[in-house]
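Dumped structure.cif below, it's mmCIF, C-alpha atoms:
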```
data_model
loop_
_atom_site.label_atom_id
_atom_site.label_comp_id
_atom_site.auth_asym_id
_atom_site.auth_seq_id
_atom_site.Cartn_x
_atom_site.Cartn_y
_atom_site.Cartn_z
CA MET A 165 7.94 17.52 18.62
CA ILE A 166 8.71 14.16 17.01
CA PRO A 167 6.59 14.04 13.85
CA PHE A 168 4.91 10.89 12.63
CA LEU A 169 6.45 11.61 9.21
CA ASP A 170 8.99 14.22 8.09
CA LEU A 171 8.76 14.87 4.36
CA LYS A 172 10.74 18.11 4.61
CA ALA A 173 13.83 16.26 5.87
CA GLN A 174 13.72 13.92 2.90
CA TYR A 175 13.32 16.76 0.42
CA GLN A 176 16.29 18.65 1.90
CA SER A 177 18.49 15.57 1.52
CA ILE A 178 17.91 15.41 -2.27
CA ARG A 179 16.86 18.99 -3.01
CA PRO A 180 19.31 19.76 -5.86
CA GLU A 181 18.29 16.64 -7.80
CA ILE A 182 14.58 17.24 -7.26
CA ASP A 183 14.81 20.88 -8.30
CA ALA A 184 16.75 19.93 -11.43
CA ALA A 185 14.18 17.25 -12.32
CA ILE A 186 11.30 19.70 -11.96
CA SER A 187 13.17 22.24 -14.06
CA ARG A 188 13.58 19.69 -16.87
CA VAL A 189 9.83 19.28 -17.05
CA LEU A 190 9.26 23.01 -16.97
CA GLU A 191 11.72 23.41 -19.85
CA THR A 192 10.14 20.68 -21.98
CA SER A 193 6.57 21.59 -20.95
CA GLN A 194 5.60 17.90 -21.00
CA PHE A 195 3.30 18.33 -18.03
CA VAL A 196 1.05 15.28 -18.55
CA LEU A 197 2.65 11.89 -19.31
CA GLY A 198 5.66 12.59 -21.56
CA GLU A 199 9.26 11.40 -21.51
CA GLU A 200 9.80 11.58 -17.75
CA VAL A 201 6.74 9.43 -17.05
CA ALA A 202 7.74 6.94 -19.74
CA ALA A 203 11.25 6.69 -18.32
CA PHE A 204 9.93 6.25 -14.79
CA GLU A 205 7.61 3.49 -15.95
CA LYS A 206 10.54 1.53 -17.39
CA GLU A 207 12.67 2.08 -14.27
CA PHE A 208 9.89 1.18 -11.86
CA ALA A 209 8.99 -1.95 -13.83
CA SER A 210 12.61 -3.07 -13.62
CA TYR A 211 12.71 -2.32 -9.89
CA CYS A 212 9.57 -4.41 -9.35
CA GLN A 213 10.98 -7.26 -11.50
CA CYS A 214 8.14 -6.80 -14.00
CA LEU A 215 7.97 -6.29 -17.75
CA HIS A 216 5.52 -3.41 -17.63
CA ALA A 217 4.53 -0.53 -15.38
CA VAL A 218 1.83 2.01 -16.25
CA GLY A 219 1.78 5.33 -14.39
CA VAL A 220 -1.58 6.72 -13.28
CA ASN A 221 -2.75 9.59 -11.11
CA SER A 222 -3.34 7.68 -7.84
CA GLY A 223 -3.21 4.30 -6.18
CA THR A 224 -6.99 4.21 -6.28
CA SER A 225 -6.94 4.67 -10.05
CA ALA A 226 -4.35 1.90 -10.28
CA LEU A 227 -6.70 -0.50 -8.49
CA HIS A 228 -9.69 0.61 -10.55
CA LEU A 229 -7.92 0.12 -13.89
CA ALA A 230 -6.33 -3.17 -12.84
CA LEU A 231 -9.79 -4.51 -12.01
CA LEU A 232 -11.24 -3.25 -15.28
CA SER A 233 -8.37 -4.71 -17.31
CA ALA A 234 -9.09 -8.06 -15.67
CA GLY A 235 -12.66 -7.84 -16.93
CA VAL A 236 -14.33 -7.11 -13.59
CA GLY A 237 -17.77 -5.58 -13.86
CA PRO A 238 -21.32 -5.60 -12.52
CA GLY A 239 -22.34 -8.92 -11.01
CA ASP A 240 -18.78 -10.06 -10.35
CA GLU A 241 -17.24 -10.68 -6.95
CA VAL A 242 -13.77 -9.73 -5.70
CA ILE A 243 -12.36 -11.40 -2.59
CA THR A 244 -10.35 -9.08 -0.34
CA VAL A 245 -9.93 -8.04 3.31
CA PRO A 246 -11.77 -5.48 5.46
CA PHE A 247 -8.64 -4.30 7.28
CA THR A 248 -7.24 -1.91 4.69
CA PHE A 249 -7.58 1.67 3.54
CA VAL A 250 -11.02 2.27 2.08
CA ALA A 251 -9.63 2.80 -1.45
CA THR A 252 -9.18 -0.96 -1.86
CA ILE A 253 -12.91 -1.45 -1.50
CA ALA A 254 -13.94 1.72 -3.30
CA ALA A 255 -12.11 0.62 -6.45
CA ILE A 256 -14.04 -2.66 -6.48
CA VAL A 257 -17.35 -0.83 -6.06
CA TYR A 258 -16.43 1.57 -8.90
CA THR A 259 -16.50 -1.37 -11.32
CA GLY A 260 -19.98 -2.44 -10.19
CA ALA A 261 -18.58 -5.60 -8.58
CA ARG A 262 -19.18 -6.73 -5.00
CA PRO A 263 -16.40 -6.97 -2.39
CA ILE A 264 -16.39 -10.30 -0.55
CA PHE A 265 -14.37 -10.18 2.66
CA VAL A 266 -12.17 -12.73 4.36
CA ASP A 267 -10.54 -12.05 7.70
CA ILE A 268 -6.87 -11.27 8.25
CA ASP A 269 -4.21 -13.38 9.86
CA PRO A 270 -3.79 -11.86 13.36
CA VAL A 271 0.01 -11.98 13.20
CA SER A 272 0.77 -10.62 9.73
CA PHE A 273 -2.38 -8.44 9.33
CA THR A 274 -2.64 -9.77 5.76
CA MET A 275 -5.23 -12.00 4.11
CA ASP A 276 -5.82 -15.34 5.81
CA ALA A 277 -5.41 -17.58 2.78
CA ALA A 278 -7.08 -20.51 4.57
CA GLN A 279 -10.41 -18.65 4.46
CA ILE A 280 -10.46 -17.88 0.74
CA GLU A 281 -11.70 -21.13 -0.79
CA GLU A 282 -15.02 -21.13 1.05
CA LYS A 283 -15.79 -17.66 -0.33
CA ILE A 284 -15.24 -18.56 -3.99
CA THR A 285 -18.43 -18.73 -6.06
CA ARG A 286 -19.26 -18.81 -9.75
CA ARG A 287 -19.30 -15.00 -9.63
CA THR A 288 -15.78 -14.67 -8.26
CA LYS A 289 -13.43 -13.01 -10.73
CA VAL A 290 -10.47 -11.73 -8.68
CA ILE A 291 -8.59 -12.33 -5.43
CA LEU A 292 -7.17 -9.04 -4.14
CA PRO A 293 -4.72 -9.46 -1.24
CA VAL A 294 -3.37 -6.35 0.52
CA HIS A 295 0.31 -6.16 1.48
CA LEU A 296 -0.53 -4.17 4.59
CA TYR A 297 2.01 -1.90 6.30
CA GLY A 298 4.74 -3.15 3.94
CA GLN A 299 4.52 -6.90 4.63
CA PRO A 300 3.46 -9.18 1.74
CA ALA A 301 0.48 -11.47 2.03
CA ASP A 302 1.11 -15.21 1.81
CA MET A 303 1.03 -15.38 -1.98
CA ASP A 304 1.80 -19.03 -2.81
CA PRO A 305 -1.51 -20.48 -1.53
CA ILE A 306 -3.38 -17.53 -3.02
CA MET A 307 -1.82 -18.10 -6.43
CA GLU A 308 -2.44 -21.85 -6.20
CA MET A 309 -6.13 -21.33 -5.43
CA ALA A 310 -6.48 -18.74 -8.18
CA GLY A 311 -4.91 -21.13 -10.66
CA ARG A 312 -7.27 -23.95 -9.75
CA HIS A 313 -10.35 -21.74 -10.05
CA GLY A 314 -9.28 -19.66 -13.05
CA LEU A 315 -9.16 -16.40 -11.09
CA VAL A 316 -7.05 -13.27 -11.53
CA VAL A 317 -4.84 -12.10 -8.65
CA ILE A 318 -4.34 -8.37 -8.15
CA GLU A 319 -1.87 -7.32 -5.47
CA ASP A 320 -2.68 -4.17 -3.53
CA ALA A 321 0.94 -3.13 -3.01
CA ALA A 322 0.17 0.52 -2.21
CA GLN A 323 2.23 0.23 1.00
CA ALA A 324 4.76 -2.32 -0.20
CA HIS A 325 7.27 -0.71 -2.59
CA GLY A 326 10.27 -3.05 -2.60
CA ALA A 327 8.71 -5.61 -0.29
CA GLU A 328 9.51 -9.22 -1.16
CA TYR A 329 7.80 -12.58 -0.83
CA LYS A 330 10.30 -15.45 -0.92
CA GLY A 331 12.67 -13.26 -2.93
CA ARG A 332 10.04 -12.01 -5.38
CA ARG A 333 9.11 -8.35 -5.41
CA ALA A 334 5.63 -7.19 -4.50
CA GLY A 335 3.73 -6.39 -7.66
CA SER A 336 5.43 -9.13 -9.68
CA ILE A 337 3.75 -12.20 -8.17
CA GLY A 338 0.08 -11.80 -9.08
CA ASP A 339 -1.30 -11.01 -12.51
CA LEU A 340 -1.25 -7.30 -11.67
CA GLY A 341 0.18 -5.14 -8.90
CA CYS A 342 -1.09 -1.74 -7.78
CA PHE A 343 1.03 0.97 -6.16
CA SER A 344 0.35 4.38 -4.65
CA PHE A 345 2.81 7.24 -4.72
CA TYR A 346 0.91 9.38 -2.24
CA PRO A 347 3.50 11.67 -0.59
CA GLY A 348 3.76 9.68 2.64
CA LYS A 349 4.44 6.36 0.94
CA ASN A 350 7.92 4.77 0.95
CA LEU A 351 8.17 6.00 -2.64
CA GLY A 352 6.09 9.15 -2.66
CA ALA A 353 5.41 11.83 -5.24
CA TYR A 354 4.98 15.51 -4.43
CA GLY A 355 1.29 15.17 -5.08
CA GLU A 356 -0.83 12.22 -6.18
CA GLY A 357 0.39 9.29 -8.26
CA GLY A 358 0.17 5.55 -8.76
CA ALA A 359 1.15 2.70 -11.06
CA VAL A 360 0.07 -0.74 -12.19
CA THR A 361 2.70 -3.43 -12.76
CA THR A 362 2.21 -6.58 -14.80
CA ASN A 363 3.99 -9.11 -16.98
CA ASN A 364 0.97 -9.30 -19.28
CA LEU A 365 1.30 -7.10 -22.36
CA GLU A 366 -2.45 -7.00 -23.03
CA TYR A 367 -3.24 -5.88 -19.48
CA ALA A 368 -0.62 -3.14 -19.80
CA ARG A 369 -1.98 -2.01 -23.16
CA ARG A 370 -5.55 -1.90 -21.88
CA ILE A 371 -4.57 0.12 -18.80
CA ARG A 372 -2.64 2.62 -20.93
CA ILE A 373 -5.74 3.12 -23.05
CA LEU A 374 -8.13 3.36 -20.09
CA ARG A 375 -6.00 5.95 -18.25
CA ASP A 376 -6.13 8.32 -21.26
CA TRP A 377 -9.82 8.57 -22.11
CA GLY A 378 -9.90 5.14 -23.75
CA ALA A 379 -7.72 6.26 -26.65
CA GLU A 380 -4.55 4.62 -27.90
CA HIS A 381 -4.34 7.31 -30.55
CA LYS A 382 -5.56 10.85 -29.99
CA TYR A 383 -9.28 11.35 -30.64
CA GLN A 384 -9.74 7.65 -31.47
CA HIS A 385 -11.60 6.31 -28.44
CA GLU A 386 -11.52 2.53 -28.40
CA LEU A 387 -12.92 2.20 -24.85
CA LYS A 388 -14.90 4.31 -22.39
CA GLY A 389 -11.90 5.58 -20.46
CA TYR A 390 -10.84 7.94 -17.72
CA ASN A 391 -8.60 10.92 -17.07
CA TYR A 392 -6.15 8.96 -14.89
CA ARG A 393 -2.87 10.20 -16.38
CA LEU A 394 0.30 10.71 -14.33
CA GLU A 395 1.75 14.23 -14.47
CA GLY A 396 5.18 14.82 -15.95
CA ILE A 397 6.54 16.59 -12.86
CA GLN A 398 5.53 13.64 -10.66
CA GLY A 399 7.24 11.23 -13.04
CA ALA A 400 10.45 13.27 -12.88
CA ILE A 401 10.34 13.46 -9.08
CA LEU A 402 9.67 9.74 -8.75
CA ARG A 403 12.65 8.94 -10.99
CA VAL A 404 14.94 10.78 -8.58
CA LYS A 405 13.42 9.22 -5.49
CA LEU A 406 13.45 5.70 -6.94
CA ARG A 407 17.25 5.84 -6.98
CA TYR A 408 17.20 6.25 -3.19
CA LEU A 409 14.40 3.79 -2.41
CA GLU A 410 16.63 0.87 -1.47
CA SER A 411 18.76 2.88 0.95
CA TRP A 412 15.63 4.43 2.48
CA THR A 413 14.08 0.97 2.80
CA GLU A 414 17.10 -0.43 4.59
CA ALA A 415 17.01 2.55 6.96
CA ARG A 416 13.38 1.78 7.76
CA ARG A 417 14.24 -1.85 8.40
CA ARG A 418 17.08 -0.86 10.75
CA HIS A 419 14.76 1.48 12.62
CA ALA A 420 12.24 -1.34 13.01
CA VAL A 421 14.91 -3.61 14.48
CA ARG A 422 15.91 -0.85 16.89
CA TYR A 423 12.31 -0.26 17.94
CA ASN A 424 11.99 -4.00 18.58
CA GLU A 425 15.05 -3.91 20.82
CA LEU A 426 13.96 -0.82 22.74
CA LEU A 427 10.42 -2.12 23.25
CA ALA A 428 11.35 -5.72 24.06
CA GLU A 429 10.33 -5.39 27.74
CA SER A 430 7.46 -2.96 27.23
CA GLY A 431 4.60 -5.45 27.07
CA LEU A 432 3.60 -4.10 23.66
CA ARG A 433 3.16 -6.43 20.72
CA THR A 434 5.69 -5.28 18.15
CA PRO A 435 5.40 -6.18 14.45
CA PHE A 436 6.22 -9.77 13.57
CA VAL A 437 8.07 -10.28 10.31
CA ILE A 438 6.88 -13.46 8.62
CA PRO A 439 9.88 -15.63 7.59
CA TYR A 440 8.92 -15.46 3.91
CA ALA A 441 8.86 -11.65 3.87
CA ARG A 442 11.06 -8.67 3.32
CA HIS A 443 8.98 -6.21 5.33
CA VAL A 444 9.58 -2.60 4.23
CA PHE A 445 7.86 -0.94 7.21
CA HIS A 446 5.74 1.67 5.55
CA ILE A 447 4.04 1.52 8.94
CA TYR A 448 5.53 0.34 12.24
CA ALA A 449 2.40 -0.58 14.20
CA VAL A 450 2.39 -1.89 17.75
CA ARG A 451 -0.65 -3.42 19.42
CA VAL A 452 -1.79 -2.18 22.80
CA PRO A 453 -4.98 -2.16 24.87
CA LYS A 454 -6.37 1.29 25.67
CA ARG A 455 -4.76 2.56 22.49
CA ASN A 456 -6.58 5.89 22.36
CA SER A 457 -5.50 6.99 25.84
CA LEU A 458 -1.91 6.04 25.06
CA GLN A 459 -2.00 8.07 21.85
CA LYS A 460 -3.21 11.14 23.75
CA ALA A 461 -0.50 10.72 26.39
CA LEU A 462 2.19 10.50 23.72
CA LEU A 463 0.89 13.59 21.94
CA ALA A 464 1.04 15.49 25.23
CA ARG A 465 4.75 14.61 25.25
CA GLY A 466 5.19 15.92 21.71
CA ILE A 467 5.14 12.56 19.92
CA GLN A 468 2.86 12.18 16.92
CA THR A 469 1.42 8.75 16.13
CA GLY A 470 -1.17 7.38 13.71
CA ILE A 471 -3.86 4.70 13.59
CA HIS A 472 -4.00 2.52 10.47
CA TYR A 473 -6.94 1.81 10.56
CA PRO A 474 -9.43 2.46 13.37
CA ILE A 475 -12.58 1.13 11.66
CA PRO A 476 -12.53 -1.91 9.34
CA VAL A 477 -14.31 -1.23 6.06
CA HIS A 478 -17.13 -3.69 6.75
CA ASN A 479 -18.10 -1.52 9.75
CA GLN A 480 -17.95 1.77 7.85
CA GLN A 481 -21.30 3.50 7.33
CA ALA A 482 -20.55 4.09 3.65
CA TYR A 483 -20.37 0.33 3.07
CA SER A 484 -23.22 -0.80 5.30
CA ASP A 485 -25.10 -1.84 2.16
CA LEU A 486 -22.71 -4.79 1.81
CA GLY A 487 -24.62 -6.43 4.65
CA TYR A 488 -21.81 -7.16 7.08
CA LYS A 489 -22.02 -6.47 10.81
CA PRO A 490 -19.69 -6.05 13.79
CA GLY A 491 -18.29 -9.39 14.83
CA ASP A 492 -18.11 -10.83 11.32
CA PHE A 493 -14.31 -10.47 11.12
CA ILE A 494 -12.95 -10.63 14.64
CA CYS A 495 -9.24 -10.52 13.77
CA ALA A 496 -9.67 -7.37 11.70
CA GLU A 497 -11.82 -5.76 14.38
CA SER A 498 -9.38 -6.65 17.16
CA ALA A 499 -6.46 -5.19 15.19
CA ALA A 500 -8.45 -2.03 14.45
CA ASP A 501 -9.04 -1.53 18.17
CA GLU A 502 -5.41 -2.02 19.18
CA VAL A 503 -2.93 -0.88 16.49
CA LEU A 504 -0.90 2.28 17.01
CA SER A 505 1.55 3.46 14.36
CA LEU A 506 4.80 4.92 15.68
CA PRO A 507 6.96 7.56 13.93
CA MET A 508 8.75 5.83 11.05
CA TYR A 509 10.72 7.41 8.24
CA PRO A 510 14.29 6.94 6.95
CA GLU A 511 15.58 10.17 8.49
CA ILE A 512 14.41 9.54 12.05
CA GLY A 513 17.35 9.57 14.48
CA GLU A 514 18.49 7.21 17.20
CA SER A 515 17.66 9.74 19.92
CA GLN A 516 14.14 10.06 18.56
CA LEU A 517 13.66 6.28 18.50
CA GLU A 518 14.82 6.16 22.10
CA GLU A 519 12.54 9.01 23.16
CA VAL A 520 9.49 7.41 21.55
CA SER A 521 10.27 4.06 23.17
CA GLU A 522 10.93 5.50 26.62
CA SER A 523 7.76 7.57 26.44
CA LEU A 524 5.74 4.46 25.59
CA LYS A 525 7.09 2.76 28.70
CA GLU A 526 6.70 5.78 30.95
CA CYS A 527 3.12 6.41 29.93
CA GLY A 528 2.24 3.33 31.96
CA CYS A 529 0.43 1.56 29.14
CA VAL A 530 -0.95 -1.84 30.08
CA GLY A 531 0.63 -4.44 27.85
CA PHE A 532 -0.47 -7.89 26.84
CA ASN A 533 0.30 -10.93 28.90
CA HIS A 534 1.17 -12.99 25.85
#
```

Let me see the structure of the file written as structure tokens.
Amino acid sequence: MIPFLDLKAQYQSIRPEIDAAISRVLETSQFVLGEEVAAFEKEFASYCQCLHAVGVNSGTSALHLALLSAGVGPGDEVITVPFTFVATIAAIVYTGARPIFVDIDPVSFTMDAAQIEEKITRRTKVILPVHLYGQPADMDPIMEMAGRHGLVVIEDAAQAHGAEYKGRRAGSIGDLGCFSFYPGKNLGAYGEGGAVTTNNLEYARRIRILRDWGAEHKYQHELKGYNYRLEGIQGAILRVKLRYLESWTEARRRHAVRYNELLAESGLRTPFVIPYARHVFHIYAVRVPKRNSLQKALLARGIQTGIHYPIPVHNQQAYSDLGYKPGDFICAESAADEVLSLPMYPEIGESQLEEVSESLKECGCVGFNH
């Protein structure tokens, strides 16, 4: 069996350091926030080329608090994309605001910046691009539009740890950046976790207050807050793993190049790296017709794959009240019908890459003609 993701292999490679980090927290008993979380926040902010990082208990919480810190609330509108994990949209709805969708660029899978301006209204408060699969959205035109209209830009960088746009790290370009440390992410905790990055001291202060019941000082509740605190053990684990993130990222990028080589004559559409981007390949997604039958054939050969994501959010039953319908965002819908995520993790071996690629060819999948 070739797994889609192998978290055990990664743990075994750094086990002594992880075990020591967990032991430190057990000894200090700082189980919620504490010194390890504070140290991780400083280290992660530096890694993201930001002044501040605030640890929270999930990527969803990061998005929620970033939106609240930007003043988003009932009656406001947030422009984003429908081809993303549902948490992007859920966080907007949590604030009482309305998600307004624009379609994706069919090559990068990220927000089509050319469609944003026509969706801006007097209610628009935020533009929220998603750096999907580890490739940054085209941020310069987004920032330019936001500047002209007085809007806040929040980057959903949940899949883009270490990704770069024209040399700038994801999470440092917009007003705020939101990260997830879900275990399968490029930088993953051993449980849930997330962070918000920003260069704005007031945003950072407000998020720190909101994550801890709205209190900057114990029992003095300045705001109506939440229990969104990052656990001490997760902070300690993330500190260890952050030291390896660059080497793991370069391994992912090498694997992506190798996949491209092995699949060059397959007829599959392999990921295209936009010239402005450092793609970190959280997901290596090919596009193929008859995707579901191919996935079943691969599984029968012992190869696990994923689909990220099979149903765009505007077509999800839970969000039918937004009033969108099938056909409204054809690029997102086409991608959702065709993407197939191949096994991708730093520890995957050359023989496994070859086996996956050969199996794709041998399964007789019908490729694209262009």

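Distance annotation: of A:Arg372, A:Ala400, A:Arg332, A:Arg286, the residue with the minimal separation from A:Gln194 is A:Ala400; atom set is only C-alpha atoms.
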
- Message: I'd like the residues picked by the PyMOL selection byres ((chain A and resi 366) around 12) written out as a PyMOL selection string, using the chain letters and numbers from the file.
- Response: chain A and resi 215-216+230+233-235+339-340+362-365+367-373

- Chain and number of each residue from the PyMOL selection byres ((chain A and resi 352-356) around 8), as a ChimeraX atom specification: /A:221-222,344-351,357-358,398,401-402,405

- Message: Under the rule that all atoms listed in the file are counted, which of A:Glu395, A:Glu241, A:Glu181, A:Asp269 is the nearest residue to A:Val196?
- Response: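 Answer, going by the shortest atom-to-atom distance: A:Glu395.
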
- Query: Taking (12.2, 9.7, 13.0) in the file's coordinates, which residues come within 10 Å, counting only C-alpha atoms, written as a PyMOL selection string?
  - Reply: chain A and resi 166-170+173+416+419+506-517+520

- Message: If we draw a sphere of 10 Å around (-4.3, -8.5, 7.2), which residues have at least one atom in it when counting all atoms listed in the file? Please report them as a ChimeraX atom specification.
- Response: /A:244-248,266-276,293-297,299-301,495-496,499

- Query: How many Å separate atom CA of A:Glu282 from atom CA of A:Glu308?
  - Reply: 14.5 Å

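Atom CA of A:Asp320 sits 24.6 Å away from atom CA of A:Ile397.
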
- List the residues selected by the PyMOL selection byres ((chain A and resi 456-462) around 10) in the file shown, writing them as a PyMOL selection string. chain A and resi 452-455+463-471+501-506+520+523-524+526-530

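The closest residue to A:Ile186, picked from A:Leu387, A:Glu200, A:Val290, A:Trp377 and counting all atoms listed in the file, is A:Glu200.
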
- Item | Nearest-residue call for A:Glu414, choices A:Pro490, A:Gly341, A:Gly326, A:Gly396, using only C-alpha atoms |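 Among A:Pro490, A:Gly341, A:Gly326, A:Gly396, it is A:Gly326 that comes nearest to A:Glu414.
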
- Message: Here is a test: counting all atoms listed in the file, which residue of A:Tyr488, A:Tyr440, A:Tyr175, A:Phe195 is nearest to A:Pro263?
- Response: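 That would be A:Tyr488, the residue with the smallest distance to A:Pro263.
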
- Message: So that I can check the surroundings of A:Ser521, please list as a ChimeraX atom specification every protein, DNA and RNA residue that reaches within 8 Å of it, counting only C-alpha atoms and ignoring chain neighbours fewer than 4 positions away.
- Response: /A:423,426-427,517,525

Generate the output file for the selected residues, C-alpha atoms, as a PDB file, in the coordinates of the input.
```pdb
ATOM      1  CA  TYR A 423      12.310  -0.260  17.940  1.00  0.00           C
ATOM      2  CA  LEU A 426      13.960  -0.820  22.740  1.00  0.00           C
ATOM      3  CA  LEU A 427      10.420  -2.120  23.250  1.00  0.00           C
ATOM      4  CA  LEU A 517      13.660   6.280  18.500  1.00  0.00           C
ATOM      5  CA  LYS A 525       7.090   2.760  28.700  1.00  0.00           C
TER       6      LYS A 525
END
```

Any idea what's packed within 6 Å of A:Val218, counting only C-alpha atoms, ignoring anything in its chain fewer than 6 positions away? Could you give it as a CSV table (one decimal) with C-alpha atoms, in the coordinates of the input?
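To be explicit, this is the file written out as selection_11.csv:
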```csv
chain,number,residue,atom,x,y,z
A,205,GLU,CA,7.6,3.5,-16.0
A,359,ALA,CA,1.2,2.7,-11.1
A,360,VAL,CA,0.1,-0.7,-12.2
```

- Message: List as a ChimeraX atom specification the protein and nucleic acid residues near A:Ala322, meaning an atom at most 7 Å away when only C-alpha atoms are counted, but skip any in the same chain fewer than 6 places from it.
- Response: /A:223,342-344

- Nearest residue to A:Ala203 from the set A:Glu519, A:Arg403, A:Asp376, A:Ala184 (distances using only C-alpha atoms):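 The answer is A:Arg403, which sits nearest to A:Ala203.
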
- Just how far from atom CA of A:Gly298 is atom CA of A:Phe445, in Å to one decimal?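 It comes out at 5.0 Å.
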
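The shell of residues at most 12 Å from A:Thr259, with all atoms listed in the file counted and near chain neighbours (fewer than 6 positions) removed, consists of A:Ser225, A:Leu227, A:His228, A:Leu229, A:Ala230, A:Leu231, A:Leu232, A:Ser233, A:Ala234, A:Gly235, A:Val236, A:Gly237, A:Pro238, A:Gly239, A:Asp240, A:Glu241, A:Val242, A:Thr252, A:Ile253.
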
Kindly provide, as lines of an AutoDock Vina configuration file, the centre and edge lengths (Å, one decimal) of an axis-aligned box around all atoms of stretch 291-298 of chain A given in the file, with 8 Å on each side.
```
center_x = -1.9
center_y = -7.1
center_z = 0.4
size_x = 29.3
size_y = 26.4
size_z = 27.7
```
